[in-house]
Each structure stands twice: as C-alpha cells, then as structure tokens.
file structure_11.cif (mmCIF, C-alpha atoms)
data_work
loop_
_atom_site.label_atom_id
_atom_site.label_comp_id
_atom_site.auth_asym_id
_atom_site.auth_seq_id
_atom_site.Cartn_x
_atom_site.Cartn_y
_atom_site.Cartn_z
CA MET F 1202 0.00 0.00 0.00
CA ASP F 1203 1.42 3.40 -0.94
CA LYS F 1204 2.20 6.11 1.61
CA ASN F 1205 -0.52 8.43 0.40
CA ARG F 1206 -3.22 5.79 0.84
CA ARG F 1207 -1.89 4.97 4.29
CA LYS F 1208 -2.10 8.65 5.28
CA GLN F 1209 -5.67 8.85 4.03
CA LEU F 1210 -6.57 5.78 6.07
CA GLU F 1211 -4.88 7.21 9.17
CA LYS F 1212 -6.96 10.37 8.75
CA LEU F 1213 -10.16 8.39 8.36
CA PHE F 1214 -9.46 6.29 11.45
CA GLU F 1215 -8.19 9.24 13.47
CA ALA F 1216 -9.29 9.28 17.12
CA PRO F 1217 -9.36 12.32 19.44
CA ALA F 1218 -6.20 12.68 21.56
CA PRO F 1219 -6.31 10.51 24.70
CA PRO F 1220 -6.41 13.01 27.61
CA GLY F 1221 -5.16 10.69 30.34
CA LYS F 1222 -2.09 9.20 28.65
CA ARG F 1223 0.60 11.17 30.46
CA GLY F 1224 -1.10 10.71 33.83
CA PHE F 1225 -1.38 6.98 33.25
CA PHE F 1226 2.31 6.52 32.47
CA ARG F 1227 3.25 8.70 35.44
CA LYS F 1228 1.00 6.64 37.70
CA ILE F 1229 2.53 3.32 36.68
CA GLY F 1230 6.05 4.74 36.89
CA LEU F 1231 6.78 4.59 33.20
CA GLU F 1232 6.65 8.24 32.35
CA PRO F 1233 9.08 8.83 29.53
CA ALA F 1234 12.13 10.87 30.59
CA SER F 1235 12.78 14.14 28.81
CA MET F 1236 14.96 13.90 25.70
CA GLY F 1237 17.74 15.95 27.33
CA ASN F 1238 17.84 13.71 30.38
CA PHE F 1239 17.77 10.61 28.29
CA ILE F 1240 20.70 11.73 26.13
CA ARG F 1241 22.62 12.74 29.28
CA VAL F 1242 22.16 9.24 30.65
CA GLN F 1243 23.41 7.75 27.39
CA PHE F 1244 26.68 9.69 27.76
CA SER F 1245 27.68 7.44 30.64
CA TYR F 1246 27.17 4.34 28.48
CA VAL F 1247 29.63 5.43 25.81
CA SER F 1248 32.74 3.42 26.59
CA VAL F 1249 35.94 5.00 27.88
CA TRP F 1250 38.02 3.88 24.90
CA SER F 1251 35.71 5.81 22.57
CA TRP F 1252 36.34 9.04 24.49
CA GLY F 1253 40.00 8.02 24.65
CA ALA F 1254 40.16 7.65 20.86
CA ALA F 1255 38.67 11.12 20.43
CA ILE F 1256 41.23 12.63 22.81
CA LEU F 1257 44.02 10.73 21.07
CA PHE F 1258 43.03 12.08 17.63
CA LEU F 1259 42.82 15.58 19.05
CA GLY F 1260 46.20 15.16 20.70
CA ILE F 1261 47.77 14.00 17.44
CA ALA F 1262 46.32 17.01 15.61
CA VAL F 1263 47.62 19.44 18.26
CA ASN F 1264 51.01 17.74 18.23
CA LEU F 1265 51.27 17.91 14.45
CA SER F 1266 50.29 21.57 14.45
CA CYS F 1267 53.21 22.27 16.75
CA PHE F 1268 55.90 20.04 15.29
CA TYR F 1269 54.97 19.07 11.74
CA TRP F 1270 52.47 21.52 10.31
CA GLN F 1271 53.33 20.46 6.74
CA GLY F 1272 51.70 17.09 7.35
CA LEU F 1273 48.87 18.37 9.54
CA PHE F 1274 46.19 18.57 6.87
CA SER F 1275 47.04 15.20 5.28
CA CYS F 1276 47.14 13.42 8.63
CA THR F 1277 43.93 15.01 9.89
CA VAL F 1278 42.08 14.04 6.70
CA ALA F 1279 43.42 10.50 7.12
CA MET F 1280 42.30 10.40 10.77
CA MET F 1281 38.66 11.18 9.96
CA PRO F 1282 37.72 7.64 8.77
CA LEU F 1283 39.27 6.23 11.96
CA LEU F 1284 37.19 8.65 14.00
CA ALA F 1285 34.13 7.42 12.11
CA LEU F 1286 35.14 3.82 12.86
CA ALA F 1287 35.34 4.58 16.60
CA GLY F 1288 31.90 6.20 16.47
CA ILE F 1289 30.25 3.46 14.44
CA SER F 1290 31.65 0.63 16.56
CA GLU F 1291 30.35 2.42 19.64
CA SER F 1292 26.85 3.18 18.40
CA THR F 1293 26.30 -0.27 16.89
CA ARG F 1294 27.73 -2.19 19.86
CA SER F 1295 24.44 -3.86 20.80
CA PHE F 1296 23.90 -4.98 17.22
CA VAL F 1297 27.41 -6.40 16.79
CA TYR F 1298 27.41 -8.29 20.09
CA GLY F 1299 23.78 -9.43 19.91
CA MET F 1300 22.77 -7.51 23.04
CA GLU F 1301 19.48 -6.16 21.68
CA GLU F 1302 17.35 -8.27 23.99
CA LEU F 1303 19.05 -6.93 27.07
CA GLU F 1304 18.60 -3.36 25.95
CA MET F 1305 15.00 -4.07 25.03
CA SER F 1306 14.30 -5.07 28.59
CA SER F 1307 14.94 -1.53 29.75
CA ARG F 1308 12.11 0.97 30.09
CA PHE F 1309 13.03 2.70 26.85
CA SER F 1310 12.50 1.30 23.40
CA LEU F 1311 15.56 0.07 21.53
CA LYS F 1312 14.85 2.62 18.82
CA SER F 1313 15.22 5.49 21.32
CA VAL F 1314 18.38 3.98 22.84
CA LEU F 1315 20.02 3.60 19.42
CA LEU F 1316 19.05 7.08 18.32
CA ALA F 1317 20.31 8.64 21.55
CA ARG F 1318 23.62 6.80 21.38
CA MET F 1319 24.11 7.74 17.73
CA ALA F 1320 23.31 11.34 18.65
CA VAL F 1321 25.87 11.34 21.49
CA VAL F 1322 28.63 9.81 19.37
CA GLY F 1323 27.69 11.90 16.30
CA ILE F 1324 27.75 15.17 18.26
CA GLU F 1325 31.08 14.22 19.80
CA ASP F 1326 32.56 13.49 16.34
CA VAL F 1327 31.20 16.67 14.77
CA LEU F 1328 32.54 18.85 17.59
CA LEU F 1329 35.89 17.13 17.40
CA ALA F 1330 36.02 17.60 13.62
CA LEU F 1331 35.21 21.30 14.01
CA VAL F 1332 38.00 21.71 16.57
CA MET F 1333 40.43 19.78 14.36
CA ALA F 1334 39.48 21.95 11.38
CA TRP F 1335 40.24 24.99 13.52
CA ILE F 1336 43.65 23.52 14.41
CA VAL F 1337 44.39 22.77 10.75
CA GLY F 1338 43.29 26.27 9.75
CA ASP F 1339 43.65 27.34 6.13
CA GLU F 1340 47.15 26.13 5.40
CA TYR F 1341 47.30 22.74 3.71
CA GLY F 1342 50.96 21.93 4.29
CA ASN F 1343 53.04 21.72 1.16
CA MET F 1344 50.04 21.75 -1.15
CA ALA F 1345 49.86 24.80 -3.37
CA VAL F 1346 46.33 25.51 -2.17
CA GLN F 1347 45.07 28.33 0.00
CA GLY F 1348 42.03 27.12 1.96
CA SER F 1349 39.62 28.49 4.52
CA TYR F 1350 38.06 27.19 7.74
CA MET F 1351 34.82 26.14 6.03
CA ARG F 1352 36.69 24.36 3.26
CA THR F 1353 38.76 22.48 5.81
CA VAL F 1354 35.56 21.38 7.55
CA LEU F 1355 34.23 20.19 4.19
CA TYR F 1356 37.41 18.25 3.34
CA LEU F 1357 37.43 16.57 6.75
CA PHE F 1358 33.79 15.53 6.56
CA VAL F 1359 34.00 13.81 3.16
CA PRO F 1360 36.18 10.85 4.28
CA TYR F 1361 34.31 10.81 7.60
CA LEU F 1362 30.89 10.50 5.96
CA LEU F 1363 32.17 7.98 3.43
CA SER F 1364 33.33 5.76 6.32
CA VAL F 1365 30.10 6.28 8.25
CA PHE F 1366 27.97 5.33 5.27
CA GLY F 1367 30.11 2.31 4.33
CA SER F 1368 30.35 1.08 7.92
CA LEU F 1369 26.61 1.38 8.52
CA TRP F 1370 25.97 -0.60 5.37
CA ILE F 1371 28.49 -3.26 6.44
CA VAL F 1372 27.12 -3.55 9.99
CA ARG F 1373 23.60 -3.91 8.64
CA SER F 1374 24.63 -6.50 6.04
CA PHE F 1375 27.09 -8.63 8.03
CA ALA F 1376 26.10 -9.57 11.55
CA GLY F 1377 28.59 -10.10 14.36
CA LYS F 1378 32.23 -9.22 14.81
CA GLU F 1379 33.07 -9.95 11.16
CA GLY F 1380 31.14 -6.83 10.27
CA LEU F 1381 33.27 -4.81 12.64
CA TYR F 1382 36.49 -6.17 11.12
CA ALA F 1383 35.19 -5.22 7.66
CA CYS F 1384 34.45 -1.71 9.01
CA ALA F 1385 38.02 -1.45 10.27
CA GLY F 1386 39.27 -2.52 6.83
CA LEU F 1387 37.11 0.06 5.14
CA ALA F 1388 38.20 2.82 7.54
CA LEU F 1389 41.86 2.02 6.88
CA ALA F 1390 41.29 1.96 3.12
CA VAL F 1391 39.48 5.32 3.16
CA SER F 1392 42.11 6.74 5.48
CA THR F 1393 44.93 5.64 3.18
CA ALA F 1394 43.09 6.94 0.12
CA ALA F 1395 42.44 10.28 1.84
CA PHE F 1396 46.11 10.61 2.81
CA ALA F 1397 47.27 9.61 -0.67
CA SER F 1398 44.90 12.15 -2.24
CA THR F 1399 46.57 14.98 -0.33
CA GLN F 1400 49.97 13.82 -1.65
CA ASN F 1401 49.27 12.83 -5.24
CA LEU F 1402 45.95 14.43 -6.11
CA TRP F 1403 46.43 17.71 -4.25
CA TRP F 1404 44.84 19.66 -7.14
CA ILE F 1405 41.37 18.31 -6.20
CA TYR F 1406 41.56 20.56 -3.13
CA GLN F 1407 41.64 23.67 -5.30
CA GLU F 1408 38.82 26.19 -4.98
CA LYS F 1409 37.44 25.52 -8.47
CA TYR F 1410 36.44 22.00 -7.39
CA LEU F 1411 34.45 23.26 -4.41
CA PRO F 1412 31.02 22.63 -6.05
CA ALA F 1413 32.03 19.01 -6.66
CA TRP F 1414 33.05 18.61 -3.00
CA LEU F 1415 29.74 20.12 -1.89
CA ALA F 1416 27.86 17.72 -4.15
CA VAL F 1417 29.84 14.76 -2.79
CA ILE F 1418 29.21 15.77 0.82
CA ALA F 1419 25.48 16.23 0.13
CA VAL F 1420 25.25 12.78 -1.47
CA LEU F 1421 27.30 11.10 1.28
CA GLY F 1422 25.33 12.88 4.02
CA GLY F 1423 22.06 11.72 2.45
CA LEU F 1424 23.34 8.16 2.05
CA ALA F 1425 24.63 8.03 5.64
CA PHE F 1426 21.30 9.31 6.95
CA TYR F 1427 19.39 6.81 4.80
CA GLU F 1428 21.60 3.93 5.90
CA GLY F 1429 21.37 4.93 9.58
CA ARG F 1430 17.59 5.08 9.38
CA LYS F 1431 17.46 1.74 7.62
CA MET F 1432 19.73 0.15 10.22
CA ILE F 1433 17.65 1.37 13.14
CA LYS F 1434 14.49 0.22 11.42
CA SER F 1435 15.78 -3.26 10.60
CA HIS F 1436 17.39 -3.54 14.02
CA TYR F 1437 14.11 -2.59 15.70
CA LEU F 1438 11.94 -4.84 13.54
CA GLN F 1439 14.27 -7.78 14.08
CA SER F 1440 14.15 -7.39 17.82
CA ILE F 1441 10.36 -7.18 18.14
CA SER F 1442 9.60 -9.99 15.71
CA MET O 229 9.78 -4.06 27.42
CA SER O 230 9.95 -5.18 23.82
CA MET O 231 8.04 -2.29 22.27
CA ASP O 232 7.47 1.40 22.44
CA LEU O 233 4.68 1.61 25.02
CA LYS O 234 3.87 5.22 24.25
CA GLU O 235 3.36 4.44 20.59
CA GLN O 236 1.35 1.29 21.25
CA TYR O 237 -0.84 3.18 23.73
CA ASP O 238 -2.03 5.40 20.88
CA HIS O 239 -2.64 2.42 18.62
CA ILE O 240 -4.64 0.48 21.21
CA TYR O 241 -6.59 3.61 22.10
CA ARG O 242 -7.41 4.17 18.42
CA TYR O 243 -8.56 0.57 18.15
CA CYS O 244 -10.81 0.93 21.23
CA TYR O 245 -12.15 4.26 20.04
CA TYR O 246 -12.97 2.72 16.67
CA HIS O 247 -15.12 0.16 18.45
CA LEU O 248 -16.71 2.31 21.15
CA ARG O 249 -16.81 5.93 19.87
CA ASP O 250 -16.38 7.13 23.44
CA ILE O 251 -13.15 8.88 24.43
CA GLY O 252 -13.49 8.12 28.15
CA LYS O 253 -14.41 4.46 27.73
CA ALA O 254 -11.80 3.94 25.01
CA GLU O 255 -9.12 5.33 27.29
CA ASP O 256 -10.29 3.35 30.33
CA ILE O 257 -10.09 0.16 28.31
CA THR O 258 -6.68 1.10 26.88
CA GLN O 259 -5.30 1.64 30.37
CA GLU O 260 -6.87 -1.56 31.66
CA THR O 261 -5.32 -3.41 28.72
CA PHE O 262 -1.86 -2.08 29.55
CA LEU O 263 -2.25 -2.84 33.25
CA ARG O 264 -3.13 -6.43 32.43
CA TYR O 265 -0.17 -6.66 30.10
CA LEU O 266 2.22 -5.26 32.71
CA GLU O 267 0.84 -7.58 35.37
CA SER O 268 1.03 -10.63 33.14
CA ASP O 269 3.81 -13.01 34.10
CA SER O 270 3.23 -15.44 31.27
CA TYR O 271 6.19 -15.61 28.92
CA LYS O 272 3.81 -16.59 26.14
CA ASP O 273 1.91 -13.32 26.53
CA ILE O 274 5.01 -11.19 26.89
CA GLY O 275 6.60 -12.89 23.88
CA ARG O 276 3.87 -11.67 21.54
CA PRO O 277 2.94 -8.40 23.22
CA LEU O 278 0.96 -6.88 20.38
CA ALA O 279 -1.30 -9.89 19.89
CA PHE O 280 -1.81 -10.01 23.66
CA LEU O 281 -2.67 -6.31 23.90
CA TYR O 282 -5.13 -6.43 21.00
CA THR O 283 -6.77 -9.58 22.32
CA VAL O 284 -7.32 -8.02 25.76
CA ALA O 285 -8.53 -4.76 24.19
CA ARG O 286 -10.96 -6.58 21.90
CA ASN O 287 -12.41 -8.66 24.76
CA LEU O 288 -12.82 -5.58 26.93
CA CYS O 289 -14.50 -3.69 24.07
CA ILE O 290 -16.90 -6.59 23.53
CA ASP O 291 -17.71 -6.64 27.27
CA GLU O 292 -18.35 -2.91 27.21
CA ALA O 293 -20.52 -3.20 24.10
CA ARG O 294 -22.55 -5.96 25.75
CA ARG O 295 -22.98 -3.83 28.85
CA ARG O 296 -24.26 -1.01 26.70
CA LYS O 297 -26.29 -3.48 24.62
CA MET O 298 -24.86 -2.09 21.43
CA GLU O 299 -23.19 -3.62 18.40
CA PRO O 300 -19.45 -3.91 19.03
CA LEU O 301 -18.58 -2.95 15.49
CA PRO O 302 -20.36 0.26 14.47
CA GLU O 303 -20.88 1.02 10.80
CA GLU O 304 -19.65 4.61 10.67
CA LEU O 305 -16.02 5.63 10.66
CA PRO O 306 -14.46 7.84 13.34
CA GLY O 307 -13.30 10.47 10.87
CA GLU O 308 -16.63 10.70 9.09
CA ASP O 309 -17.26 14.29 10.07
CA LEU O 310 -13.90 15.41 8.73
CA GLU O 311 -14.10 17.66 5.74
CA ASP O 312 -12.37 16.12 2.75
CA SER O 313 -10.62 18.14 0.17
CA LEU O 314 -9.65 15.27 -2.07
CA LEU O 315 -11.98 13.22 -4.15
CA ASP O 316 -9.80 10.19 -3.61
CA SER O 317 -10.26 10.47 0.12
CA VAL O 318 -14.04 10.70 -0.27
CA LEU O 319 -14.01 7.62 -2.46
CA LEU O 320 -11.86 5.78 0.05
CA LYS O 321 -14.23 6.67 2.87
CA GLN O 322 -17.18 5.47 0.81
CA ALA O 323 -15.39 2.25 -0.11
CA LEU O 324 -14.49 1.62 3.54
CA LYS O 325 -18.10 2.05 4.58
CA GLU O 326 -19.06 -0.67 2.14
CA LEU O 327 -16.68 -3.15 3.78
CA SER O 328 -17.85 -5.31 6.66
CA GLY O 329 -16.87 -4.42 10.23
CA ASN O 330 -14.30 -7.21 10.36
CA GLU O 331 -12.75 -6.15 7.08
CA ARG O 332 -12.48 -2.55 8.28
CA GLU O 333 -10.90 -3.77 11.50
CA LEU O 334 -8.31 -5.69 9.50
CA ILE O 335 -7.47 -2.55 7.50
CA LEU O 336 -7.18 -0.53 10.72
CA LEU O 337 -4.90 -3.04 12.40
CA ARG O 338 -2.69 -3.85 9.42
CA TYR O 339 -2.35 -0.51 7.64
CA VAL O 340 -3.17 2.16 10.23
CA ASN O 341 -1.75 0.61 13.39
CA GLY O 342 0.93 -1.30 11.50
CA VAL O 343 0.41 -4.66 13.24
CA SER O 344 2.54 -7.37 11.61
CA VAL O 345 1.00 -10.35 9.83
CA ALA O 346 2.49 -12.65 12.50
CA ASP O 347 0.78 -10.71 15.30
CA LEU O 348 -2.48 -10.57 13.38
CA ALA O 349 -2.33 -14.34 12.86
CA LYS O 350 -1.96 -14.80 16.61
CA PHE O 351 -4.71 -12.28 17.31
CA TYR O 352 -7.23 -13.87 14.93
CA GLY O 353 -6.11 -17.43 15.66
CA LYS O 354 -5.38 -18.08 12.00
CA SER O 355 -2.32 -19.03 10.00
CA ARG O 356 -0.07 -16.29 8.70
CA TYR O 357 -0.87 -17.27 5.14
CA ALA O 358 -4.62 -17.03 5.83
CA VAL O 359 -4.19 -13.52 7.26
CA TYR O 360 -1.98 -12.52 4.34
CA ARG O 361 -4.54 -13.82 1.85
CA GLU O 362 -7.42 -12.15 3.66
CA THR O 363 -5.61 -8.82 3.81
CA LYS O 364 -4.89 -9.01 0.11
CA LYS O 365 -8.53 -9.85 -0.62
CA VAL O 366 -9.82 -6.94 1.47
CA LEU O 367 -7.40 -4.56 -0.21
CA GLN O 368 -8.49 -5.71 -3.65
CA LYS O 369 -12.10 -5.28 -2.61
CA LEU O 370 -11.35 -1.78 -1.37
CA GLU O 371 -9.61 -0.82 -4.60
CA ARG O 372 -12.46 -2.28 -6.66
CA ARG O 373 -15.06 -0.33 -4.69
CA MET O 374 -13.04 2.82 -5.17
CA ALA O 375 -12.78 2.22 -8.88
CA ASP O 376 -16.54 1.62 -9.11
CA GLY O 377 -17.33 4.67 -6.99
#
call {"tool": "encode", "arguments": {"input": "structure_11.cif", "output": "structure tokens"}}
result
Amino acid sequence: MDKNRRKQLEKLFEAPAPPGKRGFFRKIGLEPASMGNFIRVQFSYVSVWSWGAAILFLGIAVNLSCFYWQGLFSCTVAMMPLLALAGISESTRSFVYGMEELEMSSRFSLKSVLLARMAVVGIEDVLLALVMAWIVGDEYGNMAVQGSYMRTVLYLFVPYLLSVFGSLWIVRSFAGKEGLYACAGLALAVSTAAFASTQNLWWIYQEKYLPAWLAVIAVLGGLAFYEGRKMIKSHYLQSIS
Amino acid sequence: MSMDLKEQYDHIYRYCYYHLRDIGKAEDITQETFLRYLESDSYKDIGRPLAFLYTVARNLCIDEARRRKMEPLPEELPGEDLEDSLLDSVLLKQALKELSGNERELILLRYVNGVSVADLAKFYGKSRYAVYRETKKVLQKLERRMADG
C-alpha cells in the first residue's frame, strides 16, 4: 500500500487525543524521561576507549600543528575515517554483540536507545572535527592551495561520511564481529586513500572543485542518513519480531 | 519491554475508540489493557505483546458493548465528520463504509496501526498465510469499490 493511501486511512481512522495518557504513564512509573535527560544518561554508556580515541586524535592534531604543520592537513584528513570507525563501533555495539534483547528489557525502546547513542557519538565526532578543522586552519601543508576554515571542515567531513555510510551498510549486512572487522578494513582503506589524495591528487583541493566537494558531501550525508535510518528500522523490527 | 509503550498506547486507544466511539471508555479500556499486560507473568503473553494487547482490548470492548447493549462494530467511521478536500479520500471513505466491520478492523490493524501479519495471525487465531490472503482480498475489494465509486 502506498504512503498516500496509508495517510488517508490514518486520517479516516483518526481518534481524538487521549487526555489521560501522560497521567497513566506517570502513575505506573513509566513516564518517559525528557529527551535531554535521556541523552545525558546515554553519555555514561559510551565506553571509555571511545572518548580516549577522540582525545588521542585531538592530541595527534595538536602535536602535528606544533611540530609538523606540513603534514597536519594530510594526517587530519586520514584520521577522519578512523574517528568514524570509533563512532560506528560504539553506536552499533548492541547490534554487533547481539545484546538487543538486554537493551530491550529496559524501560526505553531500543529505537530510542540507538538514536540517543548515535546522537551522542555523532555530536562528539562533529565537535571534534570542528575543533580539528580549527587547528588545521587554512594552510594545507606543502600543497599549493590556499584554503579556509569552512573548506577544511568540508574536506574533513567527506572521508568521515564515506566511512560512516560504508560502515553502517556493512554492519547492517554482516552480523557479528566480522562486520566490525570489515568496518576497520574500510576505515583504513578510506584513510589511506584520503592521505594519498593529499599527496598525489592535491589539485582536487583547489577552490574551483568546491562545487564538486559540496555535491559529494550532500550525497554522502544523504546516504549516511538513509543507511542509519534503515539500520535502526531493521534492528528494531528484528528485535520485536 | 519489547516495544514502544507510548506508541502502542495510541494504537490500542485508536482501536478501542474505533469500536466504542467514546473517548473516556476507550481510554479506560486502553489503560486496563496495559495494566493487564504489565501484570502478566506469562512468557507466552510477553513474547507476543501486540497480539496479547489487541486480544485483551478486543475482549474488553466486547464486554463494554454488551454492557451497553450495542453492536461492538459500528458502521460509521471515526473520521466521518472530517471535511475532505480530495476526491480520492471521499471515495476511500465510501469504499471503507461498504466493507464489513471485520474487514475494516483488518485494515485498521494492518495498515493504520501497523500490526505485523504474525501478530495478526496470533490475534485472529489463523495461520499467517490465511491472514496474508485475507488482507490481500480486502485490499483488492477496497480498490475495486473505489474504482466503481
């Protein structure tokens, strides 16, 4: 049945809003927590090594900016897929280790838990990328290219989103730890390719190719969003069936 | 809890309202249904929560209808007084009215509340294939009525 027909049916079967819903859930002690609270709680479930990885990447970027600025841009671009790998392995932990049932036994739905965890890890990665872009600045080492902060952000997010999209697809397609190993392989491949591109294909970072980069980031962002949504959906349907 | 309770509360309430046309009663029955589910210690019931919830809700709606000495499956649709801007929607409403109460219930459960075929099979006490076939038949009937209308 198409979406339009479904919407028409929903409208035809619409019921007035239930006035006592909130009171009922409060009474039985299952009142949903506020979104802010819920996300705050999820922070404590993100494992230490994930925060450690973020600090390590930041430390490397700071170190390079002080001692080897010529390689700063190349190395930061190459680090982005690894950052994505850390994020993906963290937010898909329950899926990889088959822990859905345990999480489903909590008072929140698995869908909400997954979304909150992805939000926590995603926000962490984005903030880190913005800080790293600030450290890199507008100098791209030995490349004959004059950049800007926004362009640096763009160049960092392309390999990151490529890894996110690929890893989400892999995790959804291959269950268990094998999927995680494949993600690691992909992250390393993207990382190497990103590094190599700054050495051998430096001209693609020129300003005239900016529209192409914007198009790529839009496509990758859309694909990553689509894949994330699909993963949550399949994950959720699998666990309630 | 293997489902989003908040979401299912709305679905069960819609199902009860469809049968009773009374906000207060529909909500009372929805809450009673959830209390029974939460109190249930049978793994069988917890394992198929949706089928369990709909079964309890249906039985409670039938009890309420008996108490009121009314038909449990009314002929009109809840959204009948809504003003329609699209001809298609009017045709759909007309076609739905021509279906039997049970057929409309199947449409509500499967396509509005999104209950899976497996849960519907458990709810109706039929095989999954029978539910699948019936759903397909009702949909074809609906489309035919719309085309005729």
call {"tool": "atom_distance", "arguments": {"input": "structure_11.cif", "atom1": "atom CA of F:Val1365", "atom2": "atom CA of F:Gly1288"}}
result
8.4 Å
call {"tool": "resolve_selection", "arguments": {"input": "structure_11.cif", "expression": "the PyMOL selection byres ((chain F and resi 1321) around 10)", "output": "MDAnalysis selection string"}}
result
chainID F and resid 1240:1241 1243:1244 1246:1247 1288 1292 1315:1320 1322:1326
call {"tool": "resolve_selection", "arguments": {"input": "structure_11.cif", "expression": "the PyMOL selection byres ((chain F and resi 1398) around 12)", "output": "list of chain:residue names"}}
result
F:Phe1274, F:Ser1275, F:Cys1276, F:Val1278, F:Ala1279, F:Met1344, F:Tyr1356, F:Pro1360, F:Val1391, F:Ser1392, F:Thr1393, F:Ala1394, F:Ala1395, F:Phe1396, F:Ala1397, F:Thr1399, F:Gln1400, F:Asn1401, F:Leu1402, F:Trp1403, F:Trp1404, F:Ile1405, F:Tyr1406
call {"tool": "residues_around", "arguments": {"input": "structure_11.cif", "residues": "F:Arg1207", "least_positions_apart": "4", "cutoff": "7 Å", "atoms": "only C-alpha atoms", "output": "list in words"}}
result
Met1202, Asp1203 and Glu1211 of chain F; Tyr339 and Val340 of chain O
call {"tool": "resolve_selection", "arguments": {"input": "structure_11.cif", "expression": "the PyMOL selection byres ((chain O and resi 235-241) around 7)", "output": "PyMOL selection string"}}
result
chain O and resi 232-234+242-245+254-255+258+282+341
call {"tool": "atom_distance", "arguments": {"input": "structure_11.cif", "atom1": "atom CA of F:Ala1425", "atom2": "atom CA of F:Ile1256"}}
result
24.3 Å
call {"tool": "atom_distance", "arguments": {"input": "structure_11.cif", "atom1": "atom CA of F:Arg1430", "atom2": "atom CA of F:Leu1362"}}
result
14.8 Å
call {"tool": "residues_around", "arguments": {"input": "structure_11.cif", "residues": "O:Phe351", "least_positions_apart": "6", "cutoff": "12 Å", "atoms": "all atoms listed in the file", "output": "number ranges by chain"}}
result
O: 273, 276-287, 334, 337-338, 343-345, 359
call {"tool": "closest_residue", "arguments": {"input": "structure_11.cif", "among": "F:Lys1312, F:Gly1253, F:Thr1277, F:Leu1265", "to": "chain O", "atoms": "only C-alpha atoms"}}
result
F:Lys1312
call {"tool": "closest_residue", "arguments": {"input": "structure_11.cif", "among": "O:Glu333, O:Lys297, O:Phe262, O:Arg373", "to": "O:Lys321", "atoms": "all atoms listed in the file"}}
result
O:Arg373
call {"tool": "residues_around", "arguments": {"input": "structure_11.cif", "residues": "F:Lys1409", "least_positions_apart": "3", "cutoff": "12 Å", "atoms": "all atoms listed in the file", "output": "PyMOL selection string"}}
result
chain F and resi 1346-1348+1352+1404-1406+1412-1415
